[in-house]
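The structure appears below as structure tokens.
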Amino acid sequence: MVRSVLVSWTVPPVTTGSSVIVGNLARQFHPEEMVIVGAKPWAAPALEWQQRWPPINYASIEPPPALRGGRWLRIGEGPIVLLRILQVCRKSRAEVVLAVFPDEVYLTAALLASKLLRLTFVPYFHNTLVENRVDSRIARWLQRAVFASSPFLLVISEGMQCLYADRYPDIETHVVPHTFPEALGQDASCPPVHMPLRLAFSGNVNGACDVAMANLVAAIQGMDNVDCSLYTGSTVAALRRVGVSGPKFSTKELSRRQLLESLRDADVLLLPHGFGAGRSGVEMETIFPTKTIEYLISGRPILAHVQPGTFLSEFLTSHQCAYVVHDPDADALRKALEDLRSDGELRHRLVINALRTAMAFQGDRVAQELRLLLAQAMIPKEQ
């Protein structure tokens, strides 16, 4: 058994992004195997976390998004984060520091802690670092230091693995994908749709999906008998920027358990991705949105409005597990929604394929692969 400290900026009870990935994966480990260090959210749903799962230690408090100077406050907390990681590593007798990116402060603190305590350091990239910060000398220095200190690099998707194999052929990479901890149901019955049609979206509206989301919102605004629920922590301003307003839309932030229940109550799940300039082209081509896993296991059909040429587009198309629309025109999106409203056989086929695709992301399977990789990381290179 390898004892590890998993360091991530966002951790439960935050309900999006790396926090979901970390929470779902950590639940497959025992407290003797893993301990978590992360930031405590300023405001979030109550923590639904059991004692039989790895304990969560908060190293800093995440300032409110609207706080002026919040970025500099977070940077200033770096020494406190480092001290907390050192404390947790010593107390848990850690052998490996497993450091999640995206976040330079927590990644740097985890790297320094591993060096100070002479522990094995394993980075786990959920996003690209240098490629999304092309003008940052700090990002270039940090990535060089991370690569030089690691036996290998873990990445979140095959899209990222292909990118790193091409750009950094000397770096060994392994995919540790998103996971889900729940038992995978086999119910693909896909009941008749409601009236009005129930649409659902989960996750943040940000630079990775805001243009695609705006296209979907415009299409929905032009339809009759449609309601759309957004399960998100995004600000009102962010939602208004993509056109979310009026009686067709409602917003709510939910725990994971509540989210899965709500997704299963919808008729169609909306998965927007790309078309904008809010993220680097490389990141847009490689990232795999966290919400995709919850969608695949929901037992409901997915409408994916995705930028062509991206890993997400290729993944969904090759597995035939979503209705994929590349055309940003509102009429094309409305046609897709009407097809999903009227064609029960189409909905059923998409759900069956989604459940079949989700099997590769089962938490116990991925966790066992990670255990083997952490054990491998402990073997000195000379051997």
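Every chain in the structure tokens takes a letter, A first, then B, and so on in the order presented; its residues are numbered from 1, and the ligands are numbered from 1 following the presented order.
Residues lying within 10 Å of region 375-380 of chain A, counting only C-alpha atoms and ignoring same-chain neighbours fewer than 4 positions away, are Met1, Val2, Arg3, Glu95, Val96, Leu119, Thr120, Phe121, Val122, Ser150, Pro151, Phe152, Leu370 and Arg371 of chain A.
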> Near Asn353 (chain A), counting only C-alpha atoms, which residues have an atom at most 9 Å away, once you skip same-chain residues fewer than 6 positions from it, shown as a list in words?
Replying inline: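 Everything that qualifies: Leu296, His319, Gln320, Cys321 and Ala322 of chain A.
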>> as a list in words, please: every residue in region 154-251 of chain A that DSSP puts in helix (DSSP H, G or I).
In response: Glu158, Gly159, Met160, Gln161, Cys162, Leu163, Tyr164, Ala165, Asp166, Arg167, Asp210, Val211, Ala212, Met213, Ala214, Asn215, Leu216, Val217, Ala218, Ala219, Ile220, Gln221, Val236, Ala237, Ala238, Leu239, Arg240 and Arg241 of chain A
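Within the 10 Å cut-off around Met359 (chain A), using only C-alpha atoms and omitting residues fewer than 4 positions from it on the same chain, the listed residues are Thr179, Phe180, Leu184, Leu296, Ile297, Ala354, Leu355, Gly363 and Arg365 of chain A.
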> What separation in Å, quoted to one decimal, exists between CA of His174 (chain A) and CA of Phe125 (chain A)?
Replying inline: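 For CA of His174 (chain A) relative to CA of Phe125 (chain A), the distance reads 10.4 Å.
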> Within 9 Å of Asp210 (chain A), counting only C-alpha atoms, which residues qualify if same-chain residues fewer than 4 places away don't, as a list in words?
Replying inline: Val205, Asn206, Ala214, Asn215, Ala238, Leu239, Arg241, Val242, Pro272, His273, Gly274, Phe275, Gly276 and Gly278 of chain A
Please produce a file of those selected residues containing N, CA and C atoms, as a PDB file, in the first residue's frame.
ATOM      1  N   VAL A 205     -20.538  28.131 -16.446  1.00  0.00           N
ATOM      2  CA  VAL A 205     -20.504  28.791 -17.755  1.00  0.00           C
ATOM      3  C   VAL A 205     -19.242  29.637 -17.776  1.00  0.00           C
ATOM      4  N   ASN A 206     -18.254  29.217 -18.558  1.00  0.00           N
ATOM      5  CA  ASN A 206     -16.971  29.905 -18.595  1.00  0.00           C
ATOM      6  C   ASN A 206     -16.440  29.957 -20.023  1.00  0.00           C
ATOM      7  N   ALA A 214     -24.318  30.138 -25.383  1.00  0.00           N
ATOM      8  CA  ALA A 214     -25.124  31.234 -25.917  1.00  0.00           C
ATOM      9  C   ALA A 214     -25.894  30.786 -27.155  1.00  0.00           C
ATOM     10  N   ASN A 215     -25.283  29.944 -27.989  1.00  0.00           N
ATOM     11  CA  ASN A 215     -25.976  29.420 -29.169  1.00  0.00           C
ATOM     12  C   ASN A 215     -27.174  28.563 -28.760  1.00  0.00           C
ATOM     13  N   ALA A 238     -22.574  36.158 -15.355  1.00  0.00           N
ATOM     14  CA  ALA A 238     -22.066  35.209 -16.348  1.00  0.00           C
ATOM     15  C   ALA A 238     -23.204  34.581 -17.140  1.00  0.00           C
ATOM     16  N   LEU A 239     -24.300  34.271 -16.468  1.00  0.00           N
ATOM     17  CA  LEU A 239     -25.446  33.677 -17.156  1.00  0.00           C
ATOM     18  C   LEU A 239     -26.129  34.676 -18.075  1.00  0.00           C
ATOM     19  N   ARG A 241     -24.668  37.028 -19.650  1.00  0.00           N
ATOM     20  CA  ARG A 241     -23.813  37.234 -20.820  1.00  0.00           C
ATOM     21  C   ARG A 241     -24.111  36.231 -21.924  1.00  0.00           C
ATOM     22  N   VAL A 242     -24.610  35.059 -21.581  1.00  0.00           N
ATOM     23  CA  VAL A 242     -24.947  34.073 -22.608  1.00  0.00           C
ATOM     24  C   VAL A 242     -26.437  34.071 -22.924  1.00  0.00           C
ATOM     25  N   PRO A 272     -22.557  21.988 -23.978  1.00  0.00           N
ATOM     26  CA  PRO A 272     -21.913  22.950 -24.871  1.00  0.00           C
ATOM     27  C   PRO A 272     -20.401  22.974 -24.674  1.00  0.00           C
ATOM     28  N   HIS A 273     -19.660  23.187 -25.757  1.00  0.00           N
ATOM     29  CA  HIS A 273     -18.202  23.214 -25.646  1.00  0.00           C
ATOM     30  C   HIS A 273     -17.599  23.916 -26.857  1.00  0.00           C
ATOM     31  N   GLY A 274     -16.817  24.978 -26.578  1.00  0.00           N
ATOM     32  CA  GLY A 274     -16.010  25.587 -27.636  1.00  0.00           C
ATOM     33  C   GLY A 274     -16.663  26.740 -28.364  1.00  0.00           C
ATOM     34  N   PHE A 275     -16.090  27.069 -29.510  1.00  0.00           N
ATOM     35  CA  PHE A 275     -16.487  28.122 -30.440  1.00  0.00           C
ATOM     36  C   PHE A 275     -16.019  29.520 -30.024  1.00  0.00           C
ATOM     37  N   GLY A 276     -15.493  29.670 -28.815  1.00  0.00           N
ATOM     38  CA  GLY A 276     -15.096  31.003 -28.364  1.00  0.00           C
ATOM     39  C   GLY A 276     -13.603  31.167 -28.276  1.00  0.00           C
ATOM     40  N   GLY A 278     -12.172  32.188 -25.237  1.00  0.00           N
ATOM     41  CA  GLY A 278     -11.906  32.337 -23.814  1.00  0.00           C
ATOM     42  C   GLY A 278     -10.811  31.428 -23.294  1.00  0.00           C
TER      43      GLY A 278
END
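In this comparison, which uses only C-alpha atoms, the residue of A:Leu25, A:Leu312, A:Val226, A:Met213 approaching Glu182 (chain A) most closely is A:Leu25.
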>> Just to confirm, what's the straight-line distance from CA of Pro41 (chain A) to CA of Thr15 (chain A) in Å (one decimal)?
In response: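 Straight-line distance from CA of Pro41 (chain A) to CA of Thr15 (chain A) works out to 10.5 Å.
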>> Excluding Leu269 (chain A) and its own-chain neighbours fewer than 6 positions away, which residues fall within 7 Å of it when counting only C-alpha atoms? Please give them as JSON, numbers by chain.
In response: {"A": [199, 200, 201, 295, 300, 301, 302, 303]}
>> Using only C-alpha atoms, can you tell me which of A:Leu259, A:Val88, A:Met223, A:Val105 comes closest to Val20 (chain A)?
In response: A:Leu259
